[in-house]
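Structure data (compact mmCIF, C-alpha atoms) from model.txt:
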```txt
# COMPACT_ATOMS: atom_id res chain seq x y z
CA MET G 1 -10.13 -25.24 -14.40
CA ALA G 2 -10.45 -21.44 -14.30
CA ASP G 3 -7.37 -19.34 -13.67
CA GLN G 4 -6.79 -18.13 -10.13
CA ARG G 5 -6.70 -14.33 -9.98
CA ILE G 6 -5.67 -12.19 -7.00
CA GLY G 7 -5.71 -8.43 -6.61
CA ILE G 8 -2.63 -7.19 -4.73
CA PHE G 9 -2.66 -3.73 -3.19
CA SER G 10 -0.83 -1.73 -0.53
CA ASP G 11 -0.36 1.68 1.06
CA MET G 12 -3.87 3.12 0.87
CA HIS G 13 -2.94 5.74 3.49
CA GLY G 14 -6.44 6.89 4.32
CA ASN G 15 -7.44 7.55 0.70
CA ALA G 16 -10.82 5.90 0.18
CA VAL G 17 -11.43 7.66 -3.15
CA ALA G 18 -8.43 5.91 -4.67
CA PHE G 19 -9.22 2.63 -2.91
CA ASP G 20 -12.74 2.65 -4.36
CA ALA G 21 -11.29 3.12 -7.85
CA VAL G 22 -8.95 0.14 -7.40
CA LEU G 23 -11.68 -2.12 -6.05
CA ALA G 24 -14.01 -1.12 -8.89
CA ALA G 25 -11.31 -1.93 -11.47
CA LEU G 26 -10.65 -5.33 -9.91
CA ARG G 27 -14.31 -6.24 -9.58
CA ALA G 28 -14.99 -5.18 -13.16
CA GLU G 29 -12.74 -8.11 -14.14
CA GLY G 30 -14.48 -10.48 -11.75
CA ILE G 31 -11.60 -10.53 -9.26
CA GLU G 32 -12.86 -11.19 -5.75
CA ARG G 33 -9.73 -12.51 -4.03
CA PHE G 34 -7.39 -9.93 -2.55
CA VAL G 35 -4.32 -9.44 -0.37
CA CYS G 36 -3.41 -6.15 1.33
CA LEU G 37 0.23 -5.40 2.13
CA GLY G 38 -0.30 -2.76 4.81
CA ASP G 39 -0.28 0.98 5.58
CA VAL G 40 -4.04 1.29 5.57
CA ALA G 41 -5.40 4.26 7.50
CA ALA G 42 -2.62 6.73 8.36
CA THR G 43 -1.56 9.88 6.50
CA GLY G 44 -4.84 10.59 4.73
CA PRO G 45 -8.26 12.18 5.27
CA GLN G 46 -10.43 9.04 5.15
CA PRO G 47 -8.97 6.57 7.66
CA ARG G 48 -12.30 5.13 8.83
CA GLU G 49 -13.66 4.73 5.33
CA VAL G 50 -10.60 2.78 4.20
CA VAL G 51 -10.69 0.55 7.27
CA GLN G 52 -14.40 -0.14 6.77
CA ARG G 53 -13.95 -1.07 3.11
CA LEU G 54 -11.00 -3.32 3.93
CA ARG G 55 -12.91 -5.11 6.68
CA ASP G 56 -15.70 -5.85 4.24
CA LEU G 57 -13.25 -7.67 1.94
CA HIS G 58 -12.33 -10.31 4.57
CA CYS G 59 -8.90 -10.64 2.94
CA PRO G 60 -5.45 -11.25 4.46
CA VAL G 61 -3.81 -7.99 5.64
CA VAL G 62 -0.17 -7.34 6.52
CA MET G 63 0.92 -4.96 9.29
CA GLY G 64 2.69 -1.92 7.86
CA ASN G 65 4.85 0.58 9.69
CA THR G 66 2.15 3.25 9.79
CA ASP G 67 -0.45 0.69 10.89
CA ASP G 68 1.75 0.12 13.91
CA HIS G 69 2.04 3.91 14.35
CA VAL G 70 -1.74 4.14 14.49
CA LEU G 71 -1.65 1.78 17.46
CA THR G 72 1.53 3.15 19.09
CA PRO G 73 2.46 6.65 17.88
CA PRO G 74 6.23 7.17 17.56
CA ALA G 75 8.05 9.72 19.68
CA PRO G 76 8.25 13.23 18.12
CA ASP G 77 12.02 12.99 17.60
CA SER G 78 12.38 14.94 14.35
CA ASP G 79 13.01 18.61 13.57
CA ASP G 80 11.98 18.18 9.92
CA GLU G 81 8.81 20.17 9.26
CA ASN G 82 7.36 17.68 6.80
CA THR G 83 7.97 14.76 9.15
CA ILE G 84 6.27 16.68 11.96
CA ARG G 85 3.26 17.39 9.71
CA ILE G 86 2.98 13.74 8.70
CA ARG G 87 3.12 12.58 12.29
CA GLU G 88 0.43 15.06 13.29
CA ILE G 89 -1.77 13.81 10.45
CA ASP G 90 -1.10 10.23 11.55
CA GLN G 91 -2.06 11.08 15.13
CA TRP G 92 -5.29 12.60 13.84
CA SER G 93 -5.89 9.48 11.70
CA ALA G 94 -5.47 7.25 14.73
CA ALA G 95 -7.90 9.36 16.76
CA GLN G 96 -10.63 8.91 14.13
CA LEU G 97 -10.74 5.13 14.57
CA SER G 98 -13.12 3.48 17.01
CA ALA G 99 -11.90 0.88 19.50
CA ASP G 100 -13.29 -1.84 17.25
CA GLU G 101 -11.50 -0.43 14.20
CA ARG G 102 -8.24 -0.20 16.13
CA ALA G 103 -8.68 -3.84 17.15
CA PHE G 104 -9.04 -4.69 13.47
CA VAL G 105 -5.76 -2.91 12.69
CA ALA G 106 -4.11 -4.74 15.58
CA SER G 107 -5.12 -8.03 13.95
CA PHE G 108 -2.90 -7.41 10.91
CA ALA G 109 -0.16 -10.06 10.58
CA PRO G 110 3.61 -9.54 10.10
CA THR G 111 3.40 -11.76 7.01
CA VAL G 112 0.68 -13.70 5.22
CA THR G 113 0.89 -16.77 2.99
CA LEU G 114 -1.59 -17.54 0.23
CA PRO G 115 -1.65 -20.89 -1.59
CA LEU G 116 -1.48 -20.60 -5.36
CA ALA G 117 -2.47 -22.99 -8.10
CA ASP G 118 -0.03 -25.75 -9.07
CA GLY G 119 1.27 -25.99 -5.50
CA GLY G 120 2.90 -22.56 -5.39
CA SER G 121 2.49 -19.86 -2.75
CA LEU G 122 2.57 -16.10 -2.28
CA LEU G 123 4.32 -14.61 0.74
CA GLY G 124 3.03 -11.14 1.58
CA TYR G 125 4.87 -8.63 3.80
CA HIS G 126 5.23 -4.85 4.06
CA GLY G 127 8.95 -3.98 3.92
CA SER G 128 10.47 -7.47 4.01
CA PRO G 129 9.49 -10.75 5.70
CA HIS G 130 11.65 -9.67 8.66
CA SER G 131 10.69 -6.01 9.16
CA TYR G 132 8.07 -3.59 7.89
CA ASN G 133 10.82 -0.94 7.73
CA ASP G 134 13.09 -2.76 5.27
CA ILE G 135 13.35 -1.28 1.78
CA LEU G 136 13.48 -3.57 -1.27
CA LEU G 137 14.00 -1.78 -4.58
CA PRO G 138 14.56 -2.73 -8.22
CA THR G 139 18.17 -1.69 -7.69
CA THR G 140 18.78 -3.57 -4.41
CA PRO G 141 21.77 -5.88 -5.01
CA THR G 142 21.11 -9.61 -4.98
CA GLU G 143 23.47 -10.04 -2.02
CA GLU G 144 21.38 -7.63 0.08
CA LEU G 145 18.20 -9.42 -0.96
CA ASP G 146 19.75 -12.70 0.09
CA ALA G 147 20.34 -11.22 3.56
CA LEU G 148 16.77 -9.90 3.82
CA LEU G 149 15.09 -12.91 2.21
CA GLY G 150 17.44 -15.71 3.22
CA GLY G 151 15.67 -18.96 3.92
CA VAL G 152 12.42 -17.85 2.30
CA THR G 153 11.15 -20.27 -0.33
CA THR G 154 7.99 -19.26 -2.18
CA THR G 155 6.75 -18.68 -5.71
CA VAL G 156 5.87 -15.00 -5.30
CA LEU G 157 7.26 -12.44 -2.87
CA ALA G 158 4.88 -9.47 -2.49
CA GLY G 159 5.68 -6.33 -0.49
CA GLY G 160 4.83 -2.65 -0.36
CA HIS G 161 6.31 0.21 1.70
CA THR G 162 8.39 1.98 -0.97
CA HIS G 163 5.43 3.33 -3.00
CA GLN G 164 7.32 2.23 -6.12
CA GLN G 165 5.93 -0.41 -8.43
CA MET G 166 8.39 -3.23 -9.06
CA LEU G 167 8.56 -6.62 -10.69
CA ARG G 168 11.85 -8.49 -10.60
CA ARG G 169 13.16 -12.02 -10.22
CA HIS G 170 15.06 -13.21 -7.17
CA HIS G 171 16.46 -16.68 -7.72
CA GLN G 172 13.40 -18.86 -8.39
CA ALA G 173 10.86 -16.38 -7.01
CA LEU G 174 9.12 -13.39 -8.58
CA MET G 175 9.16 -10.23 -6.45
CA VAL G 176 6.33 -7.75 -6.86
CA ASN G 177 5.57 -4.39 -5.31
CA PRO G 178 2.13 -3.16 -6.40
CA GLY G 179 2.99 0.46 -5.61
CA SER G 180 0.69 2.67 -3.58
CA VAL G 181 -3.08 2.97 -3.83
CA GLY G 182 -3.31 6.17 -1.83
CA LEU G 183 0.05 8.00 -2.15
CA PRO G 184 1.65 6.98 -5.47
CA MET G 185 4.71 9.21 -5.17
CA ASP G 186 6.35 9.89 -8.52
CA ARG G 187 8.18 12.60 -10.39
CA VAL G 188 5.52 14.84 -11.91
CA PRO G 189 6.71 17.36 -14.55
CA PRO G 190 7.57 20.17 -14.78
CA GLY G 191 9.19 20.36 -11.35
CA PRO G 192 12.12 18.18 -10.23
CA GLY G 193 10.51 16.97 -7.01
CA THR G 194 8.30 14.04 -6.14
CA ARG G 195 4.54 14.58 -6.01
CA ASN G 196 1.44 12.39 -6.07
CA PRO G 197 0.03 11.82 -9.56
CA ALA G 198 -3.68 11.31 -10.15
CA TRP G 199 -3.67 7.54 -10.23
CA ALA G 200 -3.87 4.60 -7.84
CA GLU G 201 -1.48 1.67 -8.22
CA PHE G 202 -2.04 -2.05 -7.72
CA ALA G 203 -1.18 -5.44 -9.24
CA VAL G 204 -3.02 -8.51 -10.53
CA LEU G 205 -1.67 -12.04 -10.22
CA THR G 206 -3.02 -14.75 -12.53
CA CYS G 207 -2.00 -18.39 -12.29
CA GLY G 208 -3.12 -21.85 -13.30
CA GLU G 209 -2.25 -24.69 -15.69
CA GLY G 210 1.46 -23.99 -15.17
CA ASP G 211 1.06 -20.30 -16.08
CA LEU G 212 1.98 -17.39 -13.80
CA ARG G 213 1.43 -13.76 -14.73
CA ILE G 214 1.82 -10.60 -12.67
CA GLU G 215 0.61 -7.30 -14.08
CA LEU G 216 1.39 -3.89 -12.62
CA ARG G 217 -1.64 -1.64 -13.00
CA ARG G 218 -2.77 1.89 -12.31
CA VAL G 219 -6.16 3.52 -12.51
CA ARG G 220 -7.06 7.21 -12.46
CA PHE G 221 -9.28 8.51 -9.69
CA ASP G 222 -10.98 11.78 -8.76
CA VAL G 223 -8.26 13.75 -6.98
CA VAL G 224 -10.57 16.79 -6.72
CA ALA G 225 -12.98 14.68 -4.67
CA LEU G 226 -10.11 13.49 -2.46
CA LEU G 227 -8.92 17.03 -1.77
CA ALA G 228 -12.47 18.16 -1.03
CA ALA G 229 -12.71 15.32 1.50
CA ALA G 230 -9.39 16.38 3.02
CA ARG G 231 -10.50 19.99 3.45
CA ALA G 232 -13.82 18.94 4.97
CA SER G 233 -12.38 16.27 7.27
CA GLY G 234 -10.74 18.38 9.95
CA MET G 235 -7.42 16.72 9.17
CA PRO G 236 -4.48 18.94 10.20
CA HIS G 237 -2.32 20.38 7.42
CA ALA G 238 -5.03 19.71 4.81
CA GLU G 239 -3.77 22.46 2.49
CA TRP G 240 -0.20 21.17 2.73
CA TYR G 241 -1.51 17.69 1.89
CA ALA G 242 -3.50 19.11 -1.04
CA SER G 243 -0.47 20.96 -2.41
CA ASP G 244 1.37 17.65 -2.88
CA TRP G 245 -1.10 16.34 -5.48
CA ASP G 246 -1.08 16.77 -9.24
CA ILE G 247 -4.71 17.08 -10.34
CA GLY G 248 -3.86 16.41 -13.98
```
Using structure tokens, write down the structure that the file contains.
Amino acid sequence: MADQRIGIFSDMHGNAVAFDAVLAALRAEGIERFVCLGDVAATGPQPREVVQRLRDLHCPVVMGNTDDHVLTPPAPDSDDENTIRIREIDQWSAAQLSADERAFVASFAPTVTLPLADGGSLLGYHGSPHSYNDILLPTTPTEELDALLGGVTTTVLAGGHTHQQMLRRHHQALMVNPGSVGLPMDRVPPGPGTRNPAWAEFAVLTCGEGDLRIELRRVRFDVVALLAAARASGMPHAEWYASDWDIG
């Protein structure tokens, strides 16, 4: 029996250039089964393109916090300039979607479960199984994980939200965060701050015959093309968005 292979991705954030690179890398290996862990359209210049590509995959999709913001924008309750810019971009992203595309976003589930070979299962969520706002990190103490994951029994726990790739064990389960397709925040030299490097992040799960492997991947994409799309899109704060990218 052939191994079961699943592409796991999250946090595209309206970046279809990066999403295309991830899908091409997965399909080049013959992978045609996918799960999306949320944050699809908001905070980037290509919200409709990402939604359209995701719809074509017919894969399970989790509701992320910014997916919910696309449907119900949060109150402007911040004085932080960057937060205000992001919310204005998200409002623009939401306005680009048709009623049918918004209905597709509204169909995203709080969690999804995929059966795996050998009787196992994958539980997909955005932040945690209980809230898309929860933050699970490599450094989160086991006791805190117990509180956020208590009662959950599954082979693989898969979540996004933090934009940080992660693979760790929690009791009998493997926890994976594939990172971010569209906003892979990282420390980019020479400055001390966090910027977006020129790669898209994802993960590949392989299982069968008692074997289980999870690989954290990244693939380079054309950031120049993304920034050209941003400047041509009418997205507010396009130059601010462009300034946050390292073009390598």
Note to self: Given the point (0.8, -3.8, 12.4) in the file's coordinates, find the residues that have an atom at most 12 Å from it, counting all atoms listed in the file, and give them as number ranges by chain.
What the structure shows: G: 37-42, 61-73, 102-111, 125-127, 131-133
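Between CA of Ala242 (chain G) and CA of Ala21 (chain G) there is a distance of 19.0 Å.
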Margin query: If we count only C-alpha atoms and set the cut-off at 8 Å, which residues sit around Ala158 (chain G), ignoring sequence neighbours fewer than 5 positions away in its own chain? Please answer as a PyMOL selection string.
Written below: chain G and resi 37+122-125+175-178
Give me the region 123-174 of chain G side of the contact with region 206-228 of chain G, cut-off 8 Å, one line per residue showing its nearest atom pair and distance in Å at one decimal, counting all atoms listed in the file, sorted by chain and residue number, as CSV.
```
residue,atom,partner,partner_atom,distance
G:Gln165,CA,G:Leu216,CA,7.1
G:Met166,CA,G:Leu216,CA,7.9
G:Leu167,CA,G:Leu216,CA,7.9
```
With all atoms listed in the file as the counted atoms, please give the residues lying no more than 10 Å from region 82-85 of chain G, apart from itself and same-chain residues fewer than 2 positions off, as a PDB file with C-alpha atoms, keeping the file's coordinate frame.
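Result saved to out02.pdb:
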```pdb
ATOM      1  CA  THR G  43      -1.560   9.880   6.500  1.00  0.00           C
ATOM      2  CA  PRO G  76       8.250  13.230  18.120  1.00  0.00           C
ATOM      3  CA  ASP G  77      12.020  12.990  17.600  1.00  0.00           C
ATOM      4  CA  SER G  78      12.380  14.940  14.350  1.00  0.00           C
ATOM      5  CA  ASP G  79      13.010  18.610  13.570  1.00  0.00           C
ATOM      6  CA  ASP G  80      11.980  18.180   9.920  1.00  0.00           C
ATOM      7  CA  ARG G  87       3.120  12.580  12.290  1.00  0.00           C
ATOM      8  CA  GLU G  88       0.430  15.060  13.290  1.00  0.00           C
ATOM      9  CA  ILE G  89      -1.770  13.810  10.450  1.00  0.00           C
ATOM     10  CA  ASP G  90      -1.100  10.230  11.550  1.00  0.00           C
ATOM     11  CA  GLN G  91      -2.060  11.080  15.130  1.00  0.00           C
ATOM     12  CA  PRO G 236      -4.480  18.940  10.200  1.00  0.00           C
ATOM     13  CA  HIS G 237      -2.320  20.380   7.420  1.00  0.00           C
ATOM     14  CA  ALA G 238      -5.030  19.710   4.810  1.00  0.00           C
ATOM     15  CA  TRP G 240      -0.200  21.170   2.730  1.00  0.00           C
ATOM     16  CA  TYR G 241      -1.510  17.690   1.890  1.00  0.00           C
TER      17      TYR G 241
END
```
Item checked: Top pick for closest residue to Arg55 (chain G), considering G:Glu29, G:Asp100, G:Glu144, G:Asp11 and counting only C-alpha atoms ->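 Using only C-alpha atoms, Arg55 (chain G) sits closest to G:Asp100.
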Next item on the list: Figure out the distance between CA of Thr153 (chain G) and CA of Arg5 (chain G), please, to one decimal in Å.
Entry: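 Between CA of Arg5 (chain G) and CA of Thr153 (chain G) the gap works out to 21.1 Å.
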Check: Which is closest to Asp20 (chain G) among G:Val50, G:Gly151, G:Ala99, G:Asp246, if we use all atoms listed in the file?
Finding: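 Of all the options, G:Val50 lies closest to Asp20 (chain G).
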